[in-house]
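**Student:** As input, take target-v2.cif (mmCIF, C-alpha atoms):
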data_query
loop_
_atom_site.label_atom_id
_atom_site.label_comp_id
_atom_site.auth_asym_id
_atom_site.auth_seq_id
_atom_site.Cartn_x
_atom_site.Cartn_y
_atom_site.Cartn_z
CA MET A 117 -12.30 198.78 140.20
CA ALA A 118 -10.33 198.11 143.39
CA GLN A 119 -9.31 201.80 143.33
CA LEU A 120 -12.93 202.97 143.75
CA VAL A 121 -13.96 204.26 147.16
CA TRP A 122 -15.64 201.51 149.18
CA PRO A 123 -18.46 200.42 148.89
CA LEU A 124 -18.63 201.48 145.22
CA PRO A 125 -16.75 198.33 144.05
CA ALA A 126 -19.39 196.15 145.70
CA LEU A 127 -22.28 198.15 144.26
CA VAL A 128 -20.80 198.08 140.76
CA ALA A 129 -20.12 194.32 140.97
CA TRP A 130 -23.62 193.52 142.22
CA SER A 131 -25.23 195.72 139.55
CA LEU A 132 -23.22 194.12 136.73
CA ALA A 133 -23.99 190.61 138.02
CA TRP A 134 -27.72 191.41 138.15
CA LEU A 135 -27.58 192.94 134.68
CA THR A 136 -25.91 189.80 133.35
CA PHE A 137 -28.45 187.54 135.05
CA ALA A 138 -31.38 189.54 133.70
CA ALA A 139 -30.08 190.11 130.17
CA LEU A 140 -28.84 186.65 129.17
CA PRO A 141 -32.26 184.89 129.28
CA ARG A 142 -33.61 187.62 126.99
CA LEU A 143 -30.90 186.63 124.52
CA GLY A 144 -31.95 182.98 124.69
CA ALA A 145 -29.52 181.70 127.33
CA PRO A 146 -30.87 179.14 129.85
CA ALA A 147 -31.35 180.30 133.43
CA TRP A 148 -28.62 178.05 134.80
CA LEU A 149 -26.07 179.56 132.41
CA ALA A 150 -27.17 183.11 133.31
CA LEU A 151 -26.73 182.24 136.99
CA THR A 152 -23.28 180.74 136.46
CA LEU A 153 -21.98 183.65 134.41
CA ALA A 154 -23.43 186.25 136.80
CA VAL A 155 -21.78 184.58 139.79
CA ALA A 156 -18.54 184.18 137.83
CA LEU A 157 -18.57 187.89 137.05
CA GLY A 158 -19.07 188.71 140.73
CA VAL A 159 -16.16 186.44 141.70
CA ALA A 160 -13.89 187.98 139.07
CA LEU A 161 -14.71 191.50 140.25
CA ALA A 162 -14.15 190.45 143.87
CA MET A 163 -10.60 189.17 143.35
CA PRO A 164 -8.83 192.56 143.12
CA GLN A 165 -10.22 193.70 146.48
CA ILE A 166 -7.51 194.13 149.07
CA THR A 167 -9.10 192.31 152.03
CA ARG A 168 -10.73 188.91 152.37
CA SER A 169 -13.89 190.37 153.90
CA ARG A 170 -14.39 192.72 150.94
CA ARG A 171 -13.74 189.94 148.44
CA LEU A 172 -16.36 187.85 150.19
CA MET A 173 -18.88 190.69 150.24
CA VAL A 174 -18.42 191.46 146.54
CA ALA A 175 -18.55 187.81 145.48
CA ALA A 176 -21.51 186.84 147.70
CA GLY A 177 -23.64 189.94 147.15
CA PHE A 178 -25.39 188.80 143.98
CA PRO A 179 -26.25 185.20 144.98
CA ALA A 180 -27.37 186.37 148.43
CA SER A 181 -29.63 189.06 147.00
CA LEU A 182 -30.96 186.60 144.41
CA LEU A 183 -31.98 184.17 147.14
CA ALA A 184 -33.56 186.97 149.17
CA SER A 185 -35.52 188.21 146.17
CA GLY A 186 -37.28 184.90 145.61
CA LEU A 187 -36.31 184.80 141.92
CA ALA A 188 -34.09 181.81 142.58
CA THR A 189 -37.09 179.55 143.20
CA GLY A 190 -37.42 178.89 139.48
CA LEU A 191 -33.90 177.51 139.22
CA PRO A 192 -33.19 173.78 139.58
CA ALA A 193 -31.29 172.90 142.75
CA TRP A 194 -28.31 171.56 140.79
CA ALA A 195 -27.84 174.94 139.13
CA TRP A 196 -26.26 176.27 142.34
CA LEU A 197 -23.51 173.65 142.07
CA LEU A 198 -22.20 175.25 138.88
CA PRO A 199 -21.09 178.61 140.33
CA LEU A 200 -19.87 176.85 143.48
CA GLY A 201 -17.72 174.58 141.34
CA LEU A 202 -16.43 177.59 139.44
CA LEU A 203 -15.34 179.24 142.69
CA VAL A 204 -13.59 176.06 143.87
CA LEU A 205 -11.73 175.78 140.56
CA ALA A 206 -10.71 179.44 140.63
CA TYR A 207 -9.47 179.24 144.19
CA PRO A 208 -8.98 175.76 145.61
CA HIS A 209 -8.65 175.44 149.38
CA ARG A 210 -4.88 175.02 149.19
CA ALA A 211 -4.47 178.46 147.60
CA TRP A 212 -6.18 180.18 150.53
CA ARG A 213 -3.56 178.79 152.90
CA ASP A 214 -0.97 180.96 151.16
CA ALA A 215 -2.65 184.17 149.98
CA PRO A 216 -6.07 184.27 148.31
CA LEU A 217 -5.30 187.24 146.09
CA PHE A 218 -3.27 190.26 147.14
CA PRO A 219 -2.94 192.61 144.15
CA THR A 220 0.30 194.57 143.87
CA PRO A 221 -0.25 198.33 143.30
CA GLU A 222 0.90 199.31 139.81
CA GLN A 223 3.75 201.61 140.89
CA ALA A 224 4.74 199.75 144.06
CA LEU A 225 8.07 198.48 142.72
CA ASP A 226 9.17 201.45 140.60
CA ALA A 227 12.06 202.34 142.94
CA LEU A 228 13.28 198.75 143.29
CA PRO A 229 16.18 198.99 140.78
CA SER A 230 17.83 201.72 142.86
CA LEU A 231 18.17 199.25 145.73
CA ALA A 232 18.47 195.99 143.82
CA PRO A 233 20.13 196.67 140.43
CA LEU A 234 20.01 193.70 138.07
CA ALA A 235 21.72 192.92 134.79
CA ASN A 236 19.74 193.06 131.57
CA GLY A 237 18.12 189.71 130.92
CA ALA A 238 18.08 188.70 134.60
CA ARG A 239 15.32 186.23 135.48
CA LEU A 240 12.68 187.44 137.94
CA LEU A 241 9.92 185.36 139.52
CA ASP A 242 6.59 186.47 140.94
CA ALA A 243 5.80 183.62 143.34
CA GLY A 244 2.02 183.41 143.48
CA CYS A 245 1.32 185.80 140.62
CA GLY A 246 -2.51 185.75 140.82
CA LEU A 247 -3.94 187.90 138.04
CA GLY A 248 -0.57 189.40 137.09
CA HIS A 249 -0.47 192.64 139.11
CA GLY A 250 3.00 191.82 140.44
CA LEU A 251 4.22 190.80 136.99
CA ARG A 252 3.21 194.16 135.57
CA ALA A 253 4.84 196.01 138.48
CA LEU A 254 8.06 194.05 137.95
CA ARG A 255 8.00 194.84 134.25
CA ARG A 256 7.67 198.57 135.01
CA ALA A 257 10.69 198.34 137.31
CA TYR A 258 12.83 196.02 135.15
CA PRO A 259 11.71 196.38 131.52
CA ARG A 260 14.72 194.39 130.21
CA ALA A 261 14.40 191.47 132.60
CA ARG A 262 12.99 188.02 131.85
CA ILE A 263 9.88 187.95 134.01
CA GLU A 264 8.16 184.75 135.08
CA GLY A 265 5.27 183.87 137.33
CA ILE A 266 3.85 180.81 139.02
CA GLU A 267 0.28 180.44 140.27
CA TRP A 268 -1.49 177.50 141.90
CA SER A 269 -5.00 178.32 140.59
CA TRP A 270 -5.16 177.15 136.97
CA PRO A 271 -7.93 179.59 135.92
CA LEU A 272 -5.91 182.51 137.28
CA ALA A 273 -2.73 181.19 135.67
CA MET A 274 -4.56 180.87 132.35
CA LEU A 275 -6.00 184.40 132.54
CA THR A 276 -2.63 185.85 133.52
CA ARG A 277 -0.90 183.99 130.71
CA MET A 278 -3.30 185.63 128.24
CA SER A 279 -3.03 189.14 129.71
CA CYS A 280 0.75 189.09 130.29
CA ARG A 281 1.99 187.49 127.08
CA TRP A 282 5.45 188.98 127.59
CA ALA A 283 5.88 186.91 130.77
CA ARG A 284 6.28 183.18 131.19
CA VAL A 285 3.48 182.04 133.51
CA GLU A 286 3.23 178.50 134.83
CA ARG A 287 0.53 176.78 136.83
CA GLY A 288 2.14 175.13 139.82
CA ASP A 289 3.15 175.17 143.46
CA MET A 290 5.41 178.11 144.32
CA TRP A 291 6.89 176.11 147.21
CA ALA A 292 7.77 173.09 145.05
CA HIS A 293 8.94 175.19 142.08
CA SER A 294 12.71 175.76 142.08
CA TRP A 295 13.86 179.33 142.72
CA GLN A 296 17.45 178.49 141.79
CA PRO A 297 17.57 180.22 138.35
CA PHE A 298 16.28 183.59 139.54
CA ALA A 299 18.13 186.75 140.46
CA LEU A 300 15.07 188.09 142.27
CA VAL A 301 11.94 186.47 143.68
CA TYR A 302 9.00 188.73 144.49
CA LEU A 303 6.03 187.79 146.62
CA PHE A 304 3.04 189.32 148.38
CA GLN A 305 2.07 186.59 150.80
CA ARG A 306 0.87 186.20 154.36
CA PRO A 307 3.09 187.21 157.34
CA GLU A 308 3.22 183.58 158.50
CA SER A 309 4.59 182.49 155.11
CA MET A 310 7.64 184.71 155.26
CA ALA A 311 9.90 182.47 157.37
CA ARG A 312 9.26 179.62 154.95
CA ALA A 313 9.97 181.90 151.99
CA TRP A 314 13.30 183.00 153.46
CA ALA A 315 14.32 179.40 154.20
CA LYS A 316 13.58 178.51 150.58
CA ALA A 317 15.46 181.57 149.33
CA GLN A 318 18.54 180.68 151.36
CA ALA A 319 18.42 177.06 150.18
CA GLU A 320 17.89 177.77 146.47
CA LEU A 321 18.83 181.30 145.44
CA ALA A 322 22.40 182.14 144.55
CA PRO A 323 24.40 184.39 146.91
CA GLY A 324 23.60 188.01 146.11
CA ALA A 325 20.11 187.22 144.78
CA TRP A 326 17.10 189.01 146.22
CA LEU A 327 13.89 188.06 147.99
CA VAL A 328 11.45 190.97 147.82
CA SER A 329 8.27 191.13 149.89
CA LEU A 330 5.50 193.69 149.71
CA GLU A 331 4.20 194.75 153.12
CA PHE A 332 5.29 191.77 155.21
CA GLU A 333 8.72 191.42 156.85
CA ILE A 334 10.52 188.28 157.95
CA ALA A 335 10.16 188.06 161.71
CA GLY A 336 13.46 188.51 163.54
CA LEU A 337 15.46 189.42 160.42
CA GLN A 338 16.58 192.94 159.50
CA PRO A 339 15.82 193.71 155.83
CA THR A 340 18.80 194.54 153.64
CA ALA A 341 16.84 197.58 152.46
CA CYS A 342 13.30 198.96 152.49
CA LEU A 343 11.27 201.39 150.45
CA GLN A 344 7.78 202.76 150.92
CA THR A 345 5.10 202.90 148.23
CA LYS A 346 2.77 205.83 147.65
CA SER A 347 -0.01 203.85 149.32
CA GLY A 348 2.10 203.53 152.48
CA LYS A 349 3.02 199.87 152.10
CA ASN A 350 6.63 198.84 152.74
CA VAL A 351 8.67 196.87 150.24
CA CYS A 352 11.26 194.79 152.10
CA LEU A 353 14.38 193.51 150.33
CA TYR A 354 16.45 190.60 151.62
CA GLN A 355 19.71 189.72 149.89
CA VAL A 356 20.95 186.17 150.15
CA PRO A 357 24.33 186.42 151.90
CA HIS A 358 27.56 185.07 150.52
CA ALA A 359 29.00 182.16 152.44
CA HIS A 360 31.75 183.16 154.86
CA PRO A 361 35.08 181.42 154.22
CA THR A 362 35.98 178.83 156.81
#
Can I see the file as structure tokens?

**Tutor:**
Amino acid sequence: MAQLVWPLPALVAWSLAWLTFAALPRLGAPAWLALTLAVALGVALAMPQITRSRRLMVAAGFPASLLASGLATGLPAWAWLLPLGLLVLAYPHRAWRDAPLFPTPEQALDALPSLAPLANGARLLDAGCGLGHGLRALRRAYPRARIEGIEWSWPLAMLTRMSCRWARVERGDMWAHSWQPFALVYLFQRPESMARAWAKAQAELAPGAWLVSLEFEIAGLQPTACLQTKSGKNVCLYQVPHAHPT
């Protein structure tokens, strides 16, 4: 749905949330459950949006319109804590300090093997894998690699584990998780996270291994190579240097 022309994603999400909220009570569901599931649907449809403002608009559209309509007056006050708790579980505050959810375009990494060839069976890590967009892009590029992901949000990690059964997905902290076993680490983070990512790569990755970043470069460091996606985003490759003999 993220590929639809804006604001169609928002309109579709709001319509589906309202349909869920209206239909479930007719099927015998209590109002609080209809509210929770409708808000959860809006949040899920908001996650693939490419900017924080759009994610917020998609996720908040249904509850805001429900309050404005006056239909929410029949709901108990505690019912609003359920969807709020769901949002906090799906994206705890700590996760927003890294990157809330930046989906990787499906074909963004297709040309990566021409610049960073890897042996069959090499281990690749998507650091902060979200809903698995980067995992799927890595699989397209390296179909014979062992692909792994780590994600701080446990609901997202659980959903990605179910949808990407061919990958090993863990719930955890990408900064505390060791990068040592990997031949390539991919991330789509914030610009301010890149210096920290490079420091971790230098400390833990083997010489010759790769750190690959979609869109954001490491300030003050020339990439080893770059490629451009069809959507115009840059993919920056940084190879961990071999130690110079003393």

**Student:** For A:Val351, which residue among A:Ala317, A:Cys280, A:Ala227, A:Leu300 is the nearest when counting all atoms listed in the file?

**Tutor:**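 With all atoms listed in the file as the atom set, the closest residue is A:Ala227.
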
**Student:** List every protein, DNA or RNA residue that has an atom no more than 12 Å from (-3.2, 176.2, 137.0) in the file's coordinate frame, counting only C-alpha atoms, and report them as a PyMOL selection string.

**Tutor:** chain A and resi 205-208+211+244-247+265-277+285-290

**Student:** Can you tell me which residues surround A:Pro259 at a distance of at most 12 Å, considering only C-alpha atoms, apart from same-chain residues fewer than 6 positions away, and format the answer as an mmCIF file with C-alpha atoms, keeping the file's coordinate frame?

**Tutor:**
data_model
loop_
_atom_site.group_PDB
_atom_site.id
_atom_site.type_symbol
_atom_site.label_atom_id
_atom_site.label_comp_id
_atom_site.auth_asym_id
_atom_site.auth_seq_id
_atom_site.Cartn_x
_atom_site.Cartn_y
_atom_site.Cartn_z
ATOM 1 C CA LEU A 225 8.070 198.480 142.720
ATOM 2 C CA ASP A 226 9.170 201.450 140.600
ATOM 3 C CA PRO A 229 16.180 198.990 140.780
ATOM 4 C CA LEU A 234 20.010 193.700 138.070
ATOM 5 C CA ALA A 235 21.720 192.920 134.790
ATOM 6 C CA ASN A 236 19.740 193.060 131.570
ATOM 7 C CA GLY A 237 18.120 189.710 130.920
ATOM 8 C CA ALA A 238 18.080 188.700 134.600
ATOM 9 C CA ARG A 239 15.320 186.230 135.480
ATOM 10 C CA LEU A 240 12.680 187.440 137.940
ATOM 11 C CA LEU A 251 4.220 190.800 136.990
ATOM 12 C CA ARG A 252 3.210 194.160 135.570
ATOM 13 C CA ALA A 253 4.840 196.010 138.480
ATOM 14 C CA TRP A 282 5.450 188.980 127.590
ATOM 15 C CA ALA A 283 5.880 186.910 130.770
#

**Student:** When distances are computed from only C-alpha atoms, which of A:Tyr354, A:Trp148, A:Phe137, A:Trp295 shows the smallest separation from A:Ala319?

**Tutor:**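 Of all the options, A:Trp295 lies closest to A:Ala319.
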
**Student:** Would you mind reading off the distance between atom CA of A:Phe298 and atom CA of A:Gly248, one decimal, in Å?

**Tutor:**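 About the pair atom CA of A:Phe298 and atom CA of A:Gly248: they are 18.0 Å apart.
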
**Student:** Can you pull out every residue within 12 Å of A:Leu161, counting only C-alpha atoms, but drop anything in the same chain fewer than 5 positions away, and send it as a PyMOL selection string?

**Tutor:** chain A and resi 117-118+124-133+154-156+166+170-178+217+247

**Student:** Compile the contact shell of A:Leu353 as a list in words: residues with an atom at most 9 Å away, counting all atoms listed in the file, same-chain residues fewer than 4 positions apart removed.

**Tutor:**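 The residues satisfying every condition are Leu228, Leu231, Ala232, Trp326, Leu327, Val328, Ser329, Leu330, Glu333, Pro339, Thr340, Ala341, Cys342 and Leu343 of chain A.
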
**Student:** What's the separation between atom CA of A:Leu151 and atom CA of A:Leu135, in Å to one decimal place?

**Tutor:**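 Separating atom CA of A:Leu151 from atom CA of A:Leu135 is a distance of 11.0 Å.
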
**Student:** I'd like to know which of A:Val159, A:Pro307, A:Pro123, A:Asp242 is closest to A:His293, using all atoms listed in the file.

**Tutor:**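 Among the listed residues, A:Asp242 lies closest to A:His293.
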
**Student:** Quote the spacing between atom CA of A:Leu254 and atom CA of A:Ser347 in Å to one decimal place.

**Tutor:**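 Rounded to one decimal, the two atoms are 17.0 Å apart.
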
**Student:** Taking only C-alpha atoms into account, name the residue in A:Ala138, A:Leu153, A:Met310, A:Ala243 that is nearest to A:Ser294.

**Tutor:**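 Nearest to A:Ser294: A:Ala243.
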
**Student:** Using all atoms listed in the file, pick whichever of A:Asn350, A:Thr345, A:Gln355, A:Thr136 has the shortest atom-to-atom distance to A:Thr152.

**Tutor:**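 The closest residue to A:Thr152 is A:Thr136.
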
**Student:** Considering only C-alpha atoms, can you say which of A:Pro141, A:Pro179, A:Pro297, A:Gly250 comes closest to A:Thr220?

**Tutor:** A:Gly250

**Student:** Check which residues satisfy the PyMOL selection byres ((chain A and resi 357) around 10) in the file shown, then give them as a ChimeraX atom specification.

**Tutor:** /A:318,321-326,340,354-356,358-360

**Student:** Please, could you write that set of residues out with C-alpha atoms as a PDB file, in the coordinates of the input?

**Tutor:**
ATOM      1  CA  GLN A 318      18.540 180.680 151.360  1.00  0.00           C
ATOM      2  CA  LEU A 321      18.830 181.300 145.440  1.00  0.00           C
ATOM      3  CA  ALA A 322      22.400 182.140 144.550  1.00  0.00           C
ATOM      4  CA  PRO A 323      24.400 184.390 146.910  1.00  0.00           C
ATOM      5  CA  GLY A 324      23.600 188.010 146.110  1.00  0.00           C
ATOM      6  CA  ALA A 325      20.110 187.220 144.780  1.00  0.00           C
ATOM      7  CA  TRP A 326      17.100 189.010 146.220  1.00  0.00           C
ATOM      8  CA  THR A 340      18.800 194.540 153.640  1.00  0.00           C
ATOM      9  CA  TYR A 354      16.450 190.600 151.620  1.00  0.00           C
ATOM     10  CA  GLN A 355      19.710 189.720 149.890  1.00  0.00           C
ATOM     11  CA  VAL A 356      20.950 186.170 150.150  1.00  0.00           C
ATOM     12  CA  HIS A 358      27.560 185.070 150.520  1.00  0.00           C
ATOM     13  CA  ALA A 359      29.000 182.160 152.440  1.00  0.00           C
ATOM     14  CA  HIS A 360      31.750 183.160 154.860  1.00  0.00           C
TER      15      HIS A 360
END
